[in-house]
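Here's my_file.cif, which has mmCIF, C-alpha atoms and all ligand atoms:
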```cif
data_start
loop_
_atom_site.label_atom_id
_atom_site.label_comp_id
_atom_site.auth_asym_id
_atom_site.auth_seq_id
_atom_site.Cartn_x
_atom_site.Cartn_y
_atom_site.Cartn_z
CA MET A 1 26.53 35.90 -145.62
CA GLY A 2 22.73 35.87 -145.72
CA LYS A 3 20.72 33.25 -147.51
CA ILE A 4 18.83 35.44 -149.93
CA GLN A 5 20.01 35.51 -153.54
CA ILE A 6 18.59 37.21 -156.60
CA MET A 7 17.40 34.55 -159.03
CA ASP A 8 18.96 34.75 -162.46
CA GLU A 9 16.70 35.86 -165.27
CA TRP A 10 16.80 32.53 -167.06
CA LEU A 11 15.53 30.65 -164.00
CA SER A 12 12.79 33.18 -163.29
CA ASN A 13 11.60 32.95 -166.92
CA LYS A 14 11.36 29.21 -166.58
CA ILE A 15 9.31 29.55 -163.41
CA ALA A 16 7.02 32.14 -165.02
CA ALA A 17 6.60 29.73 -167.93
CA GLY A 18 4.95 27.32 -165.50
CA GLU A 19 2.15 29.87 -165.10
CA VAL A 20 1.86 31.31 -168.61
CA VAL A 21 2.56 28.19 -170.66
CA GLU A 22 0.41 25.38 -169.43
CA ARG A 23 -0.12 23.53 -172.71
CA PRO A 24 0.22 24.03 -176.49
CA SER A 25 -2.99 26.07 -176.67
CA SER A 26 -1.51 28.58 -174.17
CA VAL A 27 1.32 29.20 -176.64
CA VAL A 28 -1.16 29.59 -179.49
CA LYS A 29 -3.15 32.06 -177.39
CA GLU A 30 -0.17 34.27 -176.55
CA LEU A 31 1.22 34.26 -180.10
CA VAL A 32 -2.14 34.98 -181.74
CA GLU A 33 -2.92 37.72 -179.22
CA ASN A 34 0.43 39.33 -180.04
CA ALA A 35 -0.49 39.19 -183.73
CA ILE A 36 -3.84 40.83 -182.96
CA ASP A 37 -2.12 43.53 -180.89
CA ALA A 38 0.21 44.14 -183.87
CA LYS A 39 -2.92 45.02 -185.91
CA SER A 40 -2.76 42.02 -188.22
CA THR A 41 -5.66 41.40 -190.59
CA GLN A 42 -4.53 37.88 -191.46
CA ILE A 43 -3.33 35.34 -188.93
CA GLU A 44 -2.44 31.74 -189.73
CA VAL A 45 -1.69 29.01 -187.21
CA PHE A 46 -0.02 25.74 -188.21
CA LEU A 47 0.17 22.94 -185.66
CA GLU A 48 2.02 19.64 -185.88
CA GLU A 49 0.81 16.96 -183.45
CA ALA A 50 -1.51 19.41 -181.71
CA GLY A 51 1.43 21.78 -181.27
CA LEU A 52 3.63 19.36 -179.33
CA THR A 53 5.99 19.04 -182.29
CA SER A 54 5.55 22.56 -183.59
CA ILE A 55 3.39 25.68 -183.48
CA GLN A 56 3.81 28.27 -186.19
CA VAL A 57 1.97 31.61 -186.18
CA THR A 58 2.24 33.88 -189.18
CA ASP A 59 0.83 37.40 -189.30
CA ASN A 60 0.78 40.49 -191.50
CA GLY A 61 0.95 42.96 -188.63
CA SER A 62 3.38 45.72 -187.76
CA GLY A 63 6.41 43.42 -187.50
CA MET A 64 9.52 44.42 -185.57
CA ASP A 65 12.87 45.96 -186.38
CA GLU A 66 16.04 44.13 -185.37
CA GLU A 67 16.40 45.84 -182.01
CA ASP A 68 12.83 45.04 -180.95
CA ALA A 69 13.03 41.51 -182.27
CA LEU A 70 15.98 40.82 -179.98
CA LEU A 71 14.45 42.66 -177.03
CA SER A 72 11.06 40.99 -177.34
CA PHE A 73 12.31 37.81 -175.65
CA GLY A 74 13.56 39.65 -172.58
CA ARG A 75 11.58 39.46 -169.35
CA HIS A 76 9.19 42.39 -168.98
CA ALA A 77 9.85 43.40 -172.56
CA THR A 78 6.71 45.08 -173.84
CA SER A 79 5.92 47.86 -176.25
CA LYS A 80 2.47 48.17 -174.74
CA ILE A 81 2.97 49.89 -171.42
CA THR A 82 5.41 52.69 -170.97
CA LYS A 83 4.04 54.55 -168.01
CA GLU A 84 2.00 53.76 -164.94
CA GLN A 85 -1.04 55.58 -166.34
CA ASP A 86 -1.10 53.15 -169.28
CA LEU A 87 -2.00 50.36 -166.88
CA PHE A 88 -5.41 51.92 -166.37
CA ARG A 89 -6.32 52.21 -170.00
CA ILE A 90 -5.12 48.98 -171.47
CA ARG A 91 -6.54 48.40 -174.90
CA THR A 92 -4.24 45.62 -176.01
CA LEU A 93 -4.49 41.97 -175.03
CA GLY A 94 -0.95 41.55 -173.75
CA PHE A 95 0.83 43.95 -171.47
CA ARG A 96 2.94 42.01 -169.02
CA GLY A 97 5.81 41.47 -171.43
CA GLU A 98 6.16 37.93 -170.18
CA ALA A 99 4.80 35.63 -172.84
CA LEU A 100 7.66 35.44 -175.34
CA ALA A 101 10.29 35.14 -172.61
CA SER A 102 8.32 32.35 -170.94
CA ILE A 103 7.58 30.46 -174.15
CA ALA A 104 11.18 30.71 -175.34
CA SER A 105 12.51 29.36 -172.03
CA VAL A 106 10.71 26.02 -172.50
CA SER A 107 11.06 25.46 -176.26
CA LYS A 108 13.08 26.12 -179.41
CA VAL A 109 11.98 29.24 -181.21
CA THR A 110 12.56 30.68 -184.67
CA LEU A 111 11.40 34.26 -185.20
CA ARG A 112 11.32 35.96 -188.57
CA THR A 113 10.04 39.50 -188.68
CA SER A 114 10.25 42.78 -190.53
CA ASP A 115 8.66 46.16 -189.97
CA GLY A 116 8.59 46.70 -193.72
CA GLU A 117 11.08 49.59 -193.50
CA THR A 118 14.30 48.00 -192.32
CA SER A 119 15.41 44.63 -193.64
CA GLY A 120 14.06 41.53 -191.90
CA ILE A 121 15.75 39.51 -189.19
CA GLU A 122 15.77 35.85 -188.25
CA VAL A 123 16.53 34.80 -184.67
CA HIS A 124 16.88 31.30 -183.16
CA LEU A 125 16.54 30.58 -179.47
CA GLU A 126 16.89 27.38 -177.48
CA GLY A 127 15.67 27.20 -173.91
CA GLY A 128 15.53 30.98 -173.77
CA HIS A 129 19.04 31.66 -175.08
CA ILE A 130 19.65 33.32 -178.45
CA VAL A 131 21.77 30.84 -180.42
CA SER A 132 21.90 32.68 -183.76
CA LYS A 133 20.63 35.70 -185.66
CA LYS A 134 20.96 36.80 -189.24
CA PRO A 135 19.42 39.32 -191.61
CA THR A 136 16.78 37.83 -193.83
CA ALA A 137 14.50 39.06 -196.60
CA PHE A 138 11.02 39.06 -195.12
CA ARG A 139 7.78 40.86 -195.91
CA LYS A 140 6.19 43.12 -193.32
CA GLY A 141 4.87 41.02 -190.46
CA THR A 142 5.99 38.27 -188.15
CA ASP A 143 6.38 34.51 -188.31
CA ILE A 144 7.16 32.61 -185.11
CA THR A 145 7.75 28.87 -184.90
CA VAL A 146 7.84 27.21 -181.49
CA SER A 147 9.09 23.64 -181.65
CA GLN A 148 9.75 20.91 -179.09
CA LEU A 149 7.64 22.58 -176.44
CA PHE A 150 8.68 21.54 -172.90
CA PHE A 151 11.79 19.75 -174.23
CA ASN A 152 13.65 20.88 -171.09
CA THR A 153 10.79 20.47 -168.61
CA PRO A 154 9.93 16.74 -168.76
CA ALA A 155 7.51 17.02 -165.83
CA ARG A 156 5.34 19.41 -167.84
CA LEU A 157 5.35 17.08 -170.86
CA LYS A 158 4.04 14.20 -168.78
CA TYR A 159 1.13 16.26 -167.58
CA LEU A 160 -0.20 16.87 -171.10
CA LYS A 161 -3.28 15.03 -172.28
CA THR A 162 -3.82 13.19 -175.57
CA ILE A 163 -3.20 14.86 -178.93
CA GLN A 164 -6.96 15.03 -179.45
CA THR A 165 -7.57 16.81 -176.14
CA GLU A 166 -4.70 19.26 -176.65
CA LEU A 167 -5.86 19.98 -180.19
CA GLY A 168 -9.40 20.51 -178.88
CA HIS A 169 -8.14 23.33 -176.64
CA SER A 170 -6.54 25.11 -179.60
CA ILE A 171 -9.63 24.64 -181.78
CA ASP A 172 -11.90 26.10 -179.06
CA LEU A 173 -9.52 29.02 -178.65
CA MET A 174 -9.33 29.77 -182.37
CA ASN A 175 -13.11 29.52 -182.75
CA ARG A 176 -13.57 32.08 -179.98
CA LEU A 177 -10.97 34.42 -181.44
CA ALA A 178 -12.62 34.18 -184.86
CA LEU A 179 -15.97 35.11 -183.29
CA SER A 180 -14.39 37.96 -181.28
CA TYR A 181 -12.58 39.38 -184.30
CA PRO A 182 -14.71 38.80 -187.41
CA ASN A 183 -12.60 41.45 -189.17
CA ILE A 184 -9.48 39.31 -189.00
CA ALA A 185 -9.01 36.40 -191.43
CA PHE A 186 -7.97 33.39 -189.33
CA LYS A 187 -6.69 30.05 -190.50
CA LEU A 188 -5.97 26.99 -188.36
CA VAL A 189 -4.13 24.07 -189.94
CA HIS A 190 -3.34 20.79 -188.15
CA ASN A 191 -0.92 18.27 -189.69
CA GLY A 192 -1.65 19.85 -193.07
CA GLY A 193 -5.46 19.77 -192.76
CA VAL A 194 -7.42 23.04 -192.57
CA LEU A 195 -9.65 23.08 -189.46
CA LEU A 196 -10.85 26.67 -189.55
CA GLN A 197 -10.74 29.42 -192.11
CA THR A 198 -12.55 32.76 -191.92
CA ASN A 199 -12.50 35.53 -194.50
CA GLY A 200 -12.09 38.54 -192.19
CA ARG A 201 -14.87 40.50 -193.83
CA GLY A 202 -16.65 41.12 -190.54
CA ASN A 203 -19.63 38.88 -191.25
CA ILE A 204 -20.49 36.85 -188.14
CA GLN A 205 -22.67 34.42 -190.09
CA GLN A 206 -19.70 33.55 -192.28
CA VAL A 207 -17.64 32.87 -189.15
CA LEU A 208 -20.45 30.68 -187.77
CA ALA A 209 -20.57 28.78 -191.06
CA SER A 210 -16.81 28.14 -190.91
CA ILE A 211 -17.04 26.89 -187.35
CA TYR A 212 -20.30 24.93 -187.27
CA GLY A 213 -20.79 24.18 -190.97
CA VAL A 214 -23.10 25.86 -193.47
CA PRO A 215 -26.22 23.74 -192.74
CA ASN A 216 -26.08 24.52 -189.00
CA ALA A 217 -25.28 28.19 -189.56
CA LYS A 218 -28.33 28.43 -191.82
CA LYS A 219 -30.48 27.25 -188.91
CA MET A 220 -29.16 30.02 -186.64
CA ILE A 221 -31.50 32.95 -186.37
CA PRO A 222 -30.44 36.49 -185.51
CA PHE A 223 -31.71 38.35 -182.46
CA SER A 224 -31.02 41.77 -181.07
CA THR A 225 -32.31 44.06 -178.39
CA GLU A 226 -31.14 46.76 -176.02
CA ASN A 227 -31.92 48.59 -172.84
CA LYS A 228 -30.41 51.84 -171.60
CA ASP A 229 -27.25 50.11 -170.41
CA TYR A 230 -26.60 47.25 -172.79
CA LYS A 231 -26.87 46.25 -176.40
CA VAL A 232 -27.39 42.52 -176.90
CA TYR A 233 -27.28 40.63 -180.20
CA GLY A 234 -26.29 37.33 -181.69
CA TYR A 235 -27.42 34.12 -183.36
CA ALA A 236 -29.22 31.12 -181.89
CA THR A 237 -30.06 27.74 -183.45
CA LEU A 238 -33.61 26.64 -183.97
CA PRO A 239 -34.52 23.91 -181.44
CA GLU A 240 -34.03 21.24 -184.11
CA VAL A 241 -30.25 21.79 -184.00
CA THR A 242 -28.93 20.84 -180.59
CA ARG A 243 -25.78 19.54 -178.95
CA ALA A 244 -25.14 17.32 -175.94
CA SER A 245 -23.02 19.99 -174.26
CA LYS A 246 -23.46 23.59 -173.12
CA ASN A 247 -20.06 24.42 -174.61
CA TYR A 248 -21.65 25.55 -177.84
CA ILE A 249 -23.04 28.61 -176.09
CA SER A 250 -20.46 31.39 -176.44
CA LEU A 251 -20.61 34.76 -174.78
CA PHE A 252 -18.62 37.88 -175.67
CA VAL A 253 -18.70 41.03 -173.58
CA ASN A 254 -17.27 44.04 -175.38
CA GLY A 255 -15.56 41.68 -177.80
CA ARG A 256 -13.98 39.52 -175.17
CA TRP A 257 -14.89 35.87 -174.62
CA VAL A 258 -16.15 35.27 -171.10
CA LYS A 259 -18.02 32.73 -169.00
CA HIS A 260 -21.14 33.67 -167.12
CA TYR A 261 -23.28 31.00 -165.54
CA LEU A 262 -26.49 33.02 -165.16
CA ILE A 263 -26.39 34.32 -168.74
CA GLN A 264 -25.86 30.79 -170.00
CA LYS A 265 -28.88 29.73 -167.95
CA ALA A 266 -30.99 32.62 -169.33
CA ILE A 267 -30.12 31.49 -172.87
CA ILE A 268 -31.13 27.90 -172.18
CA ASP A 269 -34.30 29.06 -170.41
CA ALA A 270 -35.22 31.06 -173.51
CA TYR A 271 -35.83 27.75 -175.28
CA HIS A 272 -38.31 26.83 -172.56
CA THR A 273 -39.72 23.40 -173.42
CA TYR A 274 -38.50 23.39 -177.00
CA LEU A 275 -35.25 21.57 -176.22
CA PRO A 276 -35.09 17.80 -175.82
CA ILE A 277 -33.84 16.72 -172.40
CA GLU A 278 -30.07 17.14 -171.90
CA ARG A 279 -29.72 18.85 -175.27
CA PHE A 280 -28.50 22.43 -175.72
CA PRO A 281 -28.54 24.99 -178.52
CA ILE A 282 -25.64 26.57 -180.39
CA VAL A 283 -25.71 30.25 -179.49
CA VAL A 284 -23.34 33.14 -179.92
CA LEU A 285 -24.23 36.17 -177.84
CA TYR A 286 -22.56 39.58 -177.91
CA ILE A 287 -23.12 42.09 -175.13
CA GLU A 288 -21.91 45.65 -175.50
CA GLY A 289 -21.98 48.23 -172.78
CA ASP A 290 -19.97 50.86 -170.98
CA PRO A 291 -16.75 49.14 -169.83
CA TYR A 292 -17.52 50.78 -166.51
CA LEU A 293 -20.45 48.37 -166.03
CA THR A 294 -18.39 45.29 -166.75
CA ASP A 295 -15.88 44.20 -164.20
CA VAL A 296 -13.66 41.84 -166.12
CA ASN A 297 -11.23 40.13 -163.86
CA VAL A 298 -7.95 40.99 -165.57
CA HIS A 299 -6.12 37.88 -164.40
CA PRO A 300 -5.18 36.28 -167.72
CA ALA A 301 -6.24 32.79 -166.67
CA LYS A 302 -9.70 33.77 -165.45
CA GLN A 303 -12.54 34.37 -167.83
CA GLN A 304 -15.27 35.05 -165.29
CA ILE A 305 -16.91 38.42 -165.47
CA ARG A 306 -19.27 40.42 -163.30
CA LEU A 307 -21.84 42.74 -164.84
CA SER A 308 -23.77 45.55 -163.22
CA LYS A 309 -27.56 45.60 -163.49
CA GLU A 310 -27.72 41.90 -164.16
CA GLN A 311 -31.34 41.66 -162.93
CA GLU A 312 -32.40 43.68 -165.96
CA LEU A 313 -29.97 42.14 -168.40
CA LEU A 314 -30.95 38.49 -167.85
CA PRO A 315 -34.65 38.82 -168.80
CA LEU A 316 -33.62 41.05 -171.72
CA ILE A 317 -31.46 38.26 -173.16
CA GLU A 318 -33.97 35.52 -172.44
CA GLY A 319 -36.79 37.56 -174.01
CA ALA A 320 -34.88 38.42 -177.18
CA ILE A 321 -33.93 34.83 -177.92
CA ARG A 322 -37.33 33.42 -177.00
CA GLU A 323 -39.09 35.95 -179.22
CA ALA A 324 -36.78 35.30 -182.19
CA ILE A 325 -37.34 31.54 -181.94
CA ARG A 326 -41.07 31.79 -181.35
CA LYS A 327 -41.49 34.02 -184.41
CA THR A 328 -39.47 31.74 -186.68
CA ILE A 329 -41.22 28.59 -185.51
CA HIS A 330 -44.72 30.03 -185.80
CA VAL A 331 -44.39 31.92 -189.08
CA PRO A 332 -44.88 28.86 -191.33
CA LEU A 333 -48.06 27.91 -189.41
CA ALA A 334 -49.48 31.40 -189.73
CA GLU A 335 -48.76 31.37 -193.44
CA LYS A 336 -50.57 28.06 -193.87
CA LYS A 337 -53.75 29.48 -192.37
CA GLU A 338 -54.02 32.27 -194.94
P1 LIG B 1 3.27 41.62 -174.27
O1 LIG B 1 2.37 41.13 -175.35
O2 LIG B 1 2.68 41.43 -172.91
O3 LIG B 1 3.81 43.01 -174.50
P2 LIG B 1 5.04 39.51 -175.18
O4 LIG B 1 6.13 38.78 -174.48
O5 LIG B 1 3.86 38.72 -175.62
O6 LIG B 1 4.57 40.68 -174.20
O7 LIG B 1 5.64 40.31 -176.41
C1 LIG B 1 6.69 41.23 -176.17
C2 LIG B 1 6.72 42.32 -177.22
O8 LIG B 1 7.14 41.77 -178.48
C3 LIG B 1 5.37 42.96 -177.50
O9 LIG B 1 5.08 44.01 -176.59
C4 LIG B 1 5.55 43.47 -178.93
O10 LIG B 1 6.19 44.72 -178.92
C5 LIG B 1 6.51 42.46 -179.55
N1 LIG B 1 5.78 41.44 -180.37
C6 LIG B 1 5.48 40.18 -180.01
N2 LIG B 1 4.83 39.52 -180.99
C7 LIG B 1 4.68 40.38 -182.01
C8 LIG B 1 4.09 40.32 -183.34
N3 LIG B 1 3.48 39.21 -183.77
N4 LIG B 1 4.15 41.44 -184.11
C9 LIG B 1 4.76 42.56 -183.67
N5 LIG B 1 5.33 42.69 -182.45
C10 LIG B 1 5.31 41.63 -181.63
MG MG B 2 1.76 39.23 -175.58
#
```
In structure tokens, what does this structure look like?
Ligand code: ADP
Ligand code: MG
Amino acid sequence: MGKIQIMDEWLSNKIAAGEVVERPSSVVKELVENAIDAKSTQIEVFLEEAGLTSIQVTDNGSGMDEEDALLSFGRHATSKITKEQDLFRIRTLGFRGEALASIASVSKVTLRTSDGETSGIEVHLEGGHIVSKKPTAFRKGTDITVSQLFFNTPARLKYLKTIQTELGHSIDLMNRLALSYPNIAFKLVHNGGVLLQTNGRGNIQQVLASIYGVPNAKKMIPFSTENKDYKVYGYATLPEVTRASKNYISLFVNGRWVKHYLIQKAIIDAYHTYLPIERFPIVVLYIEGDPYLTDVNVHPAKQQIRLSKEQELLPLIEGAIREAIRKTIHVPLAEKKE
């Protein structure tokens, strides 16, 4: 007999979990992205002990019928890709059908869901196995609770950082999602305390106020510009509001949060000598352009992006922000003269 064996599904889920589920914020990301894909307009996340004790995500999206609810935890279970052609025009965030199976294999999960037409269902899983299911009265939408994350993978538990660090990852993630989707009302609650709440009315300034506080948001000035390839707009703080880290500069390309070193540098350069040494502004920058010009690396863990015609885009961004700041700073002086 040869040595090769086909791994059982349970073991392969647990191995995949090592890649998909790194820490509590990875679970939050997958669950919230599923809620977004399900066209929810209201998404609430409740964490206990930064998600190590429990992570609950509640949405008002499409929900699932009983059959889908049970299937959704299977490996490669996805409603998002049915044919090969779909792979080339992915509009949803998830598509690998791996997240729920992976998460369930390293935690205890309770799923309650209803599609609003058939009656709701409640399913419990432990370490990836369904341990019970029963009909339940539930409104349209989905509620998933993931508790005791990594209870059966002690090595993974050890590798986690402090509660504060783990919570920080989830806060950063939720802030970015709120800025990417101003039309969705997000709420993040930790140990009973509300950390973020947006109203979903599509107003970016309101989202900025919820994230950075009203006084800071009031000191953020709008800018916008375009060339034949790209539309660029956003908000940037006046030089009097600064932070010790560059992490308060957020960039979204076609609605998706990305990292881009040269764009970050162009933003900082826009402030020229206005910034104190080792201080950085709070900026949110949106770039829109033909998806054809943006080569987003689709690996889920990588957020780097490459953009075509960067040589023209960088001065465009720098100029727009510099001009907006210069105008705001110099207006009061000009008024005084008159
Ligand atoms: P993917 O998102 O890659 O399809 P997941 O494992 O994240 O894979 O989810 C599997 C399937 O379960 C999804 O394709 C979707 O049909 C269903 N699903 C998951 N979460 C939700 C939700 N919050 N609302 C409705 N359907 C959901
Ligand atoms: Mg998904």
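Shortest separation to A:Glu44 among A:Glu323, A:Glu312, A:Asp115, A:Asp143 occurs at residue A:Asp143, atoms counted being only C-alpha atoms.
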Next on the checklist: Restricting the calculation to all atoms listed in the file: of A:Pro222, A:Gly192, A:Gly200, A:Gly289, which residue gets closest to A:Asn254?
Outcome noted: A:Gly289
Item to check | Shell of 6 Å around A:Ala101, all atoms listed in the file, local chain residues under 2 positions omitted, as a PyMOL selection string | outcome: chain A and resi 73-75+98-99+103-104
Checklist entry - In Å to one decimal, how far is atom CA of A:Arg23 from atom CA of A:Leu47? => result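 Computed distance, atom CA of A:Leu47 to atom CA of A:Arg23, equals 13.0 Å.
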Next on the checklist: At a cut-off of 10 Å around ligand LIG 1 (chain B), and using all atoms listed in the file, what residues come up? Please write them as number ranges by chain.
Outcome noted: A: 27, 29-40, 43, 57-65, 68-81, 92-104, 111-115, 140-144
Checklist entry - If I put a ball of radius 12 Å at (-38.3, 31.8, -182.0) in the file's coordinates, which residues poke into it when counting all atoms listed in the file, written as an MDAnalysis selection string? => result chainID A and resid 219:223 235:240 270:272 274 318:332
Checklist entry - A:Gln311, A:Gln56, A:Thr41, A:Thr118: which is nearest A:Ala178, counting all atoms listed in the file? => result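 Answer, going by the shortest atom-to-atom distance: A:Thr41.
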Next on the checklist: One number please: atom CA of A:Leu179 to atom CA of A:Val45, in Å, one decimal.
Outcome noted: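 Atom CA of A:Val45 lies at a distance of 16.0 Å from atom CA of A:Leu179.
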Checklist entry - atom CA of A:Asn216 and atom CA of A:Glu278, how far apart in Å? => result 19.0 Å
Please provide the set of residues having any atom within 9 Å of A:Ile171, restricted to only C-alpha atoms, with same-chain residues fewer than 5 positions apart removed, written as an mmCIF file with C-alpha atoms, in the frame of the given file.
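selection22.cif, freshly written:
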```cif
data_model
loop_
_atom_site.group_PDB
_atom_site.id
_atom_site.type_symbol
_atom_site.label_atom_id
_atom_site.label_comp_id
_atom_site.auth_asym_id
_atom_site.auth_seq_id
_atom_site.Cartn_x
_atom_site.Cartn_y
_atom_site.Cartn_z
ATOM 1 C CA SER A 25 -2.990 26.070 -176.670
ATOM 2 C CA GLU A 166 -4.700 19.260 -176.650
ATOM 3 C CA ARG A 176 -13.570 32.080 -179.980
ATOM 4 C CA LEU A 188 -5.970 26.990 -188.360
ATOM 5 C CA LEU A 195 -9.650 23.080 -189.460
ATOM 6 C CA LEU A 196 -10.850 26.670 -189.550
#
```
Could you work out an axis-aligned box for stretch 279-296 of chain A, taking every atom the file lists and adding 6 Å on each side, and report centre and edge lengths in Å to one decimal, as lines of an AutoDock Vina configuration file?
```
center_x = -21.7
center_y = 34.9
center_z = -172.3
size_x = 28.1
size_y = 44.0
size_z = 28.2
```
Next on the checklist: Here is a test: counting all atoms listed in the file, which residue of A:Thr198, A:Ser224, A:Ser210, A:Thr136 is nearest to A:Glu288?
Outcome noted: A:Ser224
Next on the checklist: Taking only C-alpha atoms and all ligand atoms into account, name the residue in A:Val28, A:Ile4, A:Ala209, A:Leu149 that is nearest to ligand MG 2 (chain B).
Outcome noted: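 Looking only at the distances to ligand MG 2 (chain B), the closest residue turns out to be A:Val28.
Restricting the calculation to only C-alpha atoms, the smallest distance between A:Arg256 and any of A:Tyr286, A:Tyr230, A:Phe151, A:Phe46 is found for A:Tyr286.
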